[in-house]
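Notes follow the structure.
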Amino acid sequence: MIKTKSKIVNRLEGLGLFFFYLTIKIAGQRGAYLMLYPVIFCYAFFNIGMKKLTDPYYELIFGKLTKQESFLHRFNHFMNFGRLMVDRGLIGLRPDIKFNYTTKGKKGFLDALEKGCGVILLTAHVGSWQVVLSAINQPGRTVSSLMFRDDGLATKHFFELAGVEPPFNIIDVDNYLGGSIETINSLLNGDIVMIMGDRHFKGPYINISFLGKNAKIPASPFILAGSAGCAVVPLLTAKSGKNSNEVLIGNPVWPTRRPDAAQLEKLVGPFVKMIEEYVYKYPYQWYNFYNFWNE
Amino acid sequence: MEELKQQLKEFIINELFLEDITPEEIENDAPLFGEGLGLDSLDAVELVVLLRKQYKIDIKNMDEGKIAFRSIDTLANYIQQNGNG
């Protein structure tokens with residue numbers, strides 16, 4: 001799980017980030033993307049540990065891999081993640097650069113909000129939050145994100161490092177009772193709470209087939225929604241071009257209070273299916289760099 | 001006050017579907033979460049919703065939650081000080 005890093009590691013990370021942001025500022029988006037190539041090449045080539053962690057995913061998508069294919073998938077995957085990090089930095093450093101997006105399925109989300117309660121936006125480790133925020137922004141509705149506040153500098157967003165007001169409210173999972181009090185209050189106030197639904201840390205889960213092998217998918221967002229009487233709306237985003245993105249919004253589901261295992265499986269199923277369709281279309285944009293099926 | 005505590009114990013057992021436990025077995029000063037009664041974060045969600053409905057009580061943030069959700073004693077105190085129901 002999360003470990004506290006030493007001061008030296010933190011300083012080195014800080015130095016790395018300084019040069020990263022400096023590159024973005026000086027070289028712009030295209031220049032920063034170009035700079036990624038040698039860095040990612042070395043990382044993908046020399047980090048043997050990553051091969052073990054990511055090959056199970058590539059094999060489920062692409063079938064049996066040669067060493068070269070494994071490297072290429074890793075390289076493409078990390079390049080996409082690198083571009084995402086550059087885009088994140090650009091939001092803070094270069095507000096003149098605009099990100100466009102197209103949205104599919106927004107009506108269901110708006111209908112769910114109309115019911116009076118808040119909405120849980122169930123998302124995954126894909127795409128970028130800034131696109132999500134632009135796509136779902138509704139007047140008078142606060143957006144919160146239930147997330148880990150990792151102490152690692154590299155995982156922080158630009159606004160956290162710059163000490164400026166974040167564009168959404170962060171509810172820390174490490175807060176008292178996992179942030180559940182703030183989460184339920186947000187929902188009862190009619191606000192929007194984003195939860196990553198594709199990575200299980202603790203709490204109830206459903207063992208369900210994902211890409212043909214059983215994986216643990218968190219059930220808590222659905223139980224939470226059942227208690228609040230609100231909808232769960234799946235949402236995934238993908239980078240479809242240099243500055244263009246696709247926002248895919250699934251159908252809302254309305255869990256009952258305290259759903260049993262069979263009901264949870266029915267609720268989790270369509271979300272997993274949506275991620276499966278997504279990863280077949282955008283295999284290098286699902287950012288879970290660990291053996292998802294072995295946890 | 002004792003009546004409210006008894007009511008809360010029954011309320012928690014029934015609404016959170018606790019099995020194999022009676023109100024008499026819940027000690028007034030025993031922790032509700034973790035060790036003690038063993039409630040978890042999803043039970044906290046239920047409690048916030050139910051307190052709102054039943055006692056018109058808002059647990060506005062985690063600081064208030066930390067105080068109110070410590071035990072039956074603290075929950076009863078919190079309701080008495082803040083309740084309108």
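Order determines the names: the first chain of the structure tokens is A, the second B, and so forth; residues in each chain are numbered 1 upward, and ligands are numbered 1 upward as they are shown.
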
Which residues come within 9 Å of A:Leu133, counting only C-alpha atoms, excluding same-chain residues fewer than 6 positions away, as an mmCIF file with C-alpha atoms, in the first residue's frame?
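What landed in part-v5.cif:
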```cif
data_model
loop_
_atom_site.group_PDB
_atom_site.id
_atom_site.type_symbol
_atom_site.label_atom_id
_atom_site.label_comp_id
_atom_site.auth_asym_id
_atom_site.auth_seq_id
_atom_site.Cartn_x
_atom_site.Cartn_y
_atom_site.Cartn_z
ATOM 1 C CA VAL A 143 -17.885 17.947 -7.693
ATOM 2 C CA PRO A 167 -11.015 22.616 -9.337
ATOM 3 C CA PHE A 168 -12.826 19.945 -7.362
#
```

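Every protein, DNA or RNA residue with an atom at most 12 Å from A:Lys266, where only C-alpha atoms count and chain neighbours fewer than 4 positions away do not, is listed here: Ile206, Asn207, Ile208, Ala219, Phe222, Val253, Trp254, Pro255, Thr256, Pro259, Asp260, Ala261, Ala262, Pro270, Phe271, Val272 and Lys273 of chain A.
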
Write the residues of the selection above to a file with C-alpha atoms, as a short mmCIF file (atom, residue, chain, number, x, y, z; two decimals), in the first residue's frame.
```
data_model
loop_
_atom_site.label_atom_id
_atom_site.label_comp_id
_atom_site.auth_asym_id
_atom_site.auth_seq_id
_atom_site.Cartn_x
_atom_site.Cartn_y
_atom_site.Cartn_z
CA ILE A 206 -17.44 -8.70 -6.37
CA ASN A 207 -15.33 -11.38 -8.02
CA ILE A 208 -16.27 -11.03 -11.64
CA ALA A 219 -18.89 -3.01 -4.57
CA PHE A 222 -23.12 0.73 -5.29
CA VAL A 253 -28.26 2.39 -12.19
CA TRP A 254 -30.25 2.81 -8.97
CA PRO A 255 -29.08 0.32 -6.35
CA THR A 256 -31.50 -0.68 -3.62
CA PRO A 259 -28.01 -4.90 -2.04
CA ASP A 260 -27.08 -8.57 -1.67
CA ALA A 261 -24.25 -10.31 -3.58
CA ALA A 262 -26.47 -11.33 -6.51
CA PRO A 270 -22.43 -3.50 -16.90
CA PHE A 271 -19.63 -1.30 -15.52
CA VAL A 272 -17.07 -4.08 -16.06
CA LYS A 273 -18.46 -4.66 -19.56
#
```

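The space between atom CA of A:His125 and atom CA of A:Phe289 spans 10.0 Å.
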
- request: For B:Leu16, work out the shell of residues within 10 Å, counting only C-alpha atoms and skipping chain neighbours fewer than 2 positions away, then give it as an MDAnalysis selection string.
  value: (chainID A and resid 258) or (chainID B and resid 10:14 18:19 39 42:44 46:47 50)

Could you make a table, as a tab-separated table, of the residues of stretch 51-142 of chain A that have an atom within 12 Å of an atom of stretch 276-284 of chain A, each with its nearest atom pair and distance in Å to one decimal, counting only C-alpha atoms, in chain and number order?
```
residue	atom	partner	partner_atom	distance
A:Thr54	CA	A:Tyr284	CA	11.0
A:Tyr57	CA	A:Pro283	CA	9.2
A:Tyr58	CA	A:Pro283	CA	8.2
A:Glu59	CA	A:Pro283	CA	11.3
A:Leu60	CA	A:Tyr280	CA	10.0
A:Ile61	CA	A:Tyr280	CA	6.8
A:Phe62	CA	A:Tyr280	CA	9.2
A:Leu72	CA	A:Tyr284	CA	10.8
A:His73	CA	A:Tyr284	CA	7.7
A:Arg74	CA	A:Tyr284	CA	8.4
A:Phe75	CA	A:Tyr284	CA	9.3
A:Asn76	CA	A:Tyr284	CA	6.4
A:His77	CA	A:Tyr284	CA	4.4
A:Phe78	CA	A:Tyr284	CA	7.8
A:Met79	CA	A:Tyr284	CA	8.6
A:Asn80	CA	A:Tyr284	CA	6.5
A:Phe81	CA	A:Tyr284	CA	8.2
A:Gly82	CA	A:Tyr284	CA	11.2
A:Arg83	CA	A:Tyr284	CA	11.4
A:Leu84	CA	A:Tyr284	CA	11.4
A:Thr123	CA	A:Tyr278	CA	11.9
A:Ala124	CA	A:Tyr278	CA	10.6
A:His125	CA	A:Val279	CA	11.1
A:Val126	CA	A:Tyr284	CA	9.3
A:Gly127	CA	A:Tyr282	CA	10.2
```

Restricting the output to N, CA, C and O atoms, write the selected residues as an mmCIF file, in the first residue's frame.
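Final file, selection-v1.cif:
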```cif
data_model
loop_
_atom_site.group_PDB
_atom_site.id
_atom_site.type_symbol
_atom_site.label_atom_id
_atom_site.label_comp_id
_atom_site.auth_asym_id
_atom_site.auth_seq_id
_atom_site.Cartn_x
_atom_site.Cartn_y
_atom_site.Cartn_z
ATOM 1 N N THR A 54 2.742 -5.963 -16.134
ATOM 2 C CA THR A 54 1.837 -5.542 -17.205
ATOM 3 C C THR A 54 1.556 -6.612 -18.259
ATOM 4 O O THR A 54 0.528 -6.554 -18.924
ATOM 5 N N TYR A 57 -1.937 -8.295 -18.484
ATOM 6 C CA TYR A 57 -2.963 -7.460 -19.118
ATOM 7 C C TYR A 57 -2.843 -7.521 -20.641
ATOM 8 O O TYR A 57 -3.826 -7.781 -21.349
ATOM 9 N N TYR A 58 -1.622 -7.341 -21.159
ATOM 10 C CA TYR A 58 -1.440 -7.355 -22.610
ATOM 11 C C TYR A 58 -1.818 -8.720 -23.204
ATOM 12 O O TYR A 58 -2.369 -8.795 -24.292
ATOM 13 N N GLU A 59 -1.504 -9.789 -22.473
ATOM 14 C CA GLU A 59 -1.817 -11.128 -22.993
ATOM 15 C C GLU A 59 -3.317 -11.354 -23.103
ATOM 16 O O GLU A 59 -3.796 -12.015 -24.014
ATOM 17 N N LEU A 60 -4.073 -10.792 -22.161
ATOM 18 C CA LEU A 60 -5.529 -10.941 -22.219
ATOM 19 C C LEU A 60 -6.121 -10.134 -23.370
ATOM 20 O O LEU A 60 -7.142 -10.496 -23.942
ATOM 21 N N ILE A 61 -5.460 -9.053 -23.727
ATOM 22 C CA ILE A 61 -5.960 -8.215 -24.824
ATOM 23 C C ILE A 61 -5.451 -8.717 -26.178
ATOM 24 O O ILE A 61 -6.211 -8.866 -27.128
ATOM 25 N N PHE A 62 -4.145 -8.986 -26.249
ATOM 26 C CA PHE A 62 -3.518 -9.263 -27.553
ATOM 27 C C PHE A 62 -3.147 -10.734 -27.769
ATOM 28 O O PHE A 62 -2.693 -11.103 -28.838
ATOM 29 N N LEU A 72 6.951 -3.398 -26.932
ATOM 30 C CA LEU A 72 6.207 -2.378 -27.686
ATOM 31 C C LEU A 72 4.913 -1.968 -26.984
ATOM 32 O O LEU A 72 4.568 -0.792 -26.945
ATOM 33 N N HIS A 73 4.217 -2.969 -26.440
ATOM 34 C CA HIS A 73 2.982 -2.640 -25.717
ATOM 35 C C HIS A 73 3.290 -1.764 -24.512
ATOM 36 O O HIS A 73 2.595 -0.786 -24.234
ATOM 37 N N ARG A 74 4.352 -2.142 -23.805
ATOM 38 C CA ARG A 74 4.750 -1.376 -22.613
ATOM 39 C C ARG A 74 5.124 0.064 -23.014
ATOM 40 O O ARG A 74 4.709 1.021 -22.372
ATOM 41 N N PHE A 75 5.869 0.161 -24.077
ATOM 42 C CA PHE A 75 6.317 1.477 -24.547
ATOM 43 C C PHE A 75 5.105 2.355 -24.905
ATOM 44 O O PHE A 75 4.997 3.499 -24.463
ATOM 45 N N ASN A 76 4.192 1.793 -25.690
ATOM 46 C CA ASN A 76 2.995 2.562 -26.093
ATOM 47 C C ASN A 76 2.156 2.953 -24.872
ATOM 48 O O ASN A 76 1.647 4.070 -24.784
ATOM 49 N N HIS A 77 2.033 2.005 -23.961
ATOM 50 C CA HIS A 77 1.227 2.220 -22.762
ATOM 51 C C HIS A 77 1.817 3.357 -21.914
ATOM 52 O O HIS A 77 1.123 4.292 -21.523
ATOM 53 N N PHE A 78 3.120 3.284 -21.665
ATOM 54 C CA PHE A 78 3.784 4.307 -20.840
ATOM 55 C C PHE A 78 3.809 5.658 -21.554
ATOM 56 O O PHE A 78 3.738 6.706 -20.920
ATOM 57 N N MET A 79 3.926 5.619 -22.895
ATOM 58 C CA MET A 79 3.912 6.881 -23.651
ATOM 59 C C MET A 79 2.567 7.585 -23.454
ATOM 60 O O MET A 79 2.515 8.803 -23.261
ATOM 61 N N ASN A 80 1.501 6.809 -23.509
ATOM 62 C CA ASN A 80 0.173 7.405 -23.307
ATOM 63 C C ASN A 80 0.047 8.009 -21.911
ATOM 64 O O ASN A 80 -0.533 9.074 -21.730
ATOM 65 N N PHE A 81 0.604 7.282 -20.930
ATOM 66 C CA PHE A 81 0.542 7.783 -19.562
ATOM 67 C C PHE A 81 1.379 9.066 -19.433
ATOM 68 O O PHE A 81 0.961 10.026 -18.787
ATOM 69 N N GLY A 82 2.529 9.068 -20.089
ATOM 70 C CA GLY A 82 3.391 10.257 -20.090
ATOM 71 C C GLY A 82 2.683 11.454 -20.704
ATOM 72 O O GLY A 82 2.733 12.563 -20.167
ATOM 73 N N ARG A 83 2.002 11.219 -21.820
ATOM 74 C CA ARG A 83 1.267 12.318 -22.468
ATOM 75 C C ARG A 83 0.176 12.851 -21.538
ATOM 76 O O ARG A 83 -0.082 14.051 -21.488
ATOM 77 N N LEU A 84 -0.443 11.937 -20.817
ATOM 78 C CA LEU A 84 -1.482 12.344 -19.865
ATOM 79 C C LEU A 84 -0.888 13.247 -18.781
ATOM 80 O O LEU A 84 -1.485 14.262 -18.404
ATOM 81 N N THR A 123 -15.914 6.040 -12.194
ATOM 82 C CA THR A 123 -14.947 6.127 -13.278
ATOM 83 C C THR A 123 -13.827 5.100 -13.059
ATOM 84 O O THR A 123 -13.946 4.227 -12.212
ATOM 85 N N ALA A 124 -12.795 5.194 -13.832
ATOM 86 C CA ALA A 124 -11.721 4.201 -13.743
ATOM 87 C C ALA A 124 -10.389 4.902 -13.983
ATOM 88 O O ALA A 124 -10.353 6.110 -14.232
ATOM 89 N N HIS A 125 -9.305 4.136 -13.891
ATOM 90 C CA HIS A 125 -7.987 4.743 -14.086
ATOM 91 C C HIS A 125 -7.725 4.924 -15.581
ATOM 92 O O HIS A 125 -6.931 4.208 -16.184
ATOM 93 N N VAL A 126 -8.446 5.853 -16.140
ATOM 94 C CA VAL A 126 -8.358 6.159 -17.576
ATOM 95 C C VAL A 126 -8.468 7.675 -17.750
ATOM 96 O O VAL A 126 -9.014 8.353 -16.871
ATOM 97 N N GLY A 127 -7.967 8.168 -18.866
ATOM 98 C CA GLY A 127 -8.198 9.565 -19.241
ATOM 99 C C GLY A 127 -7.798 10.580 -18.186
ATOM 100 O O GLY A 127 -7.005 10.300 -17.305
#
```
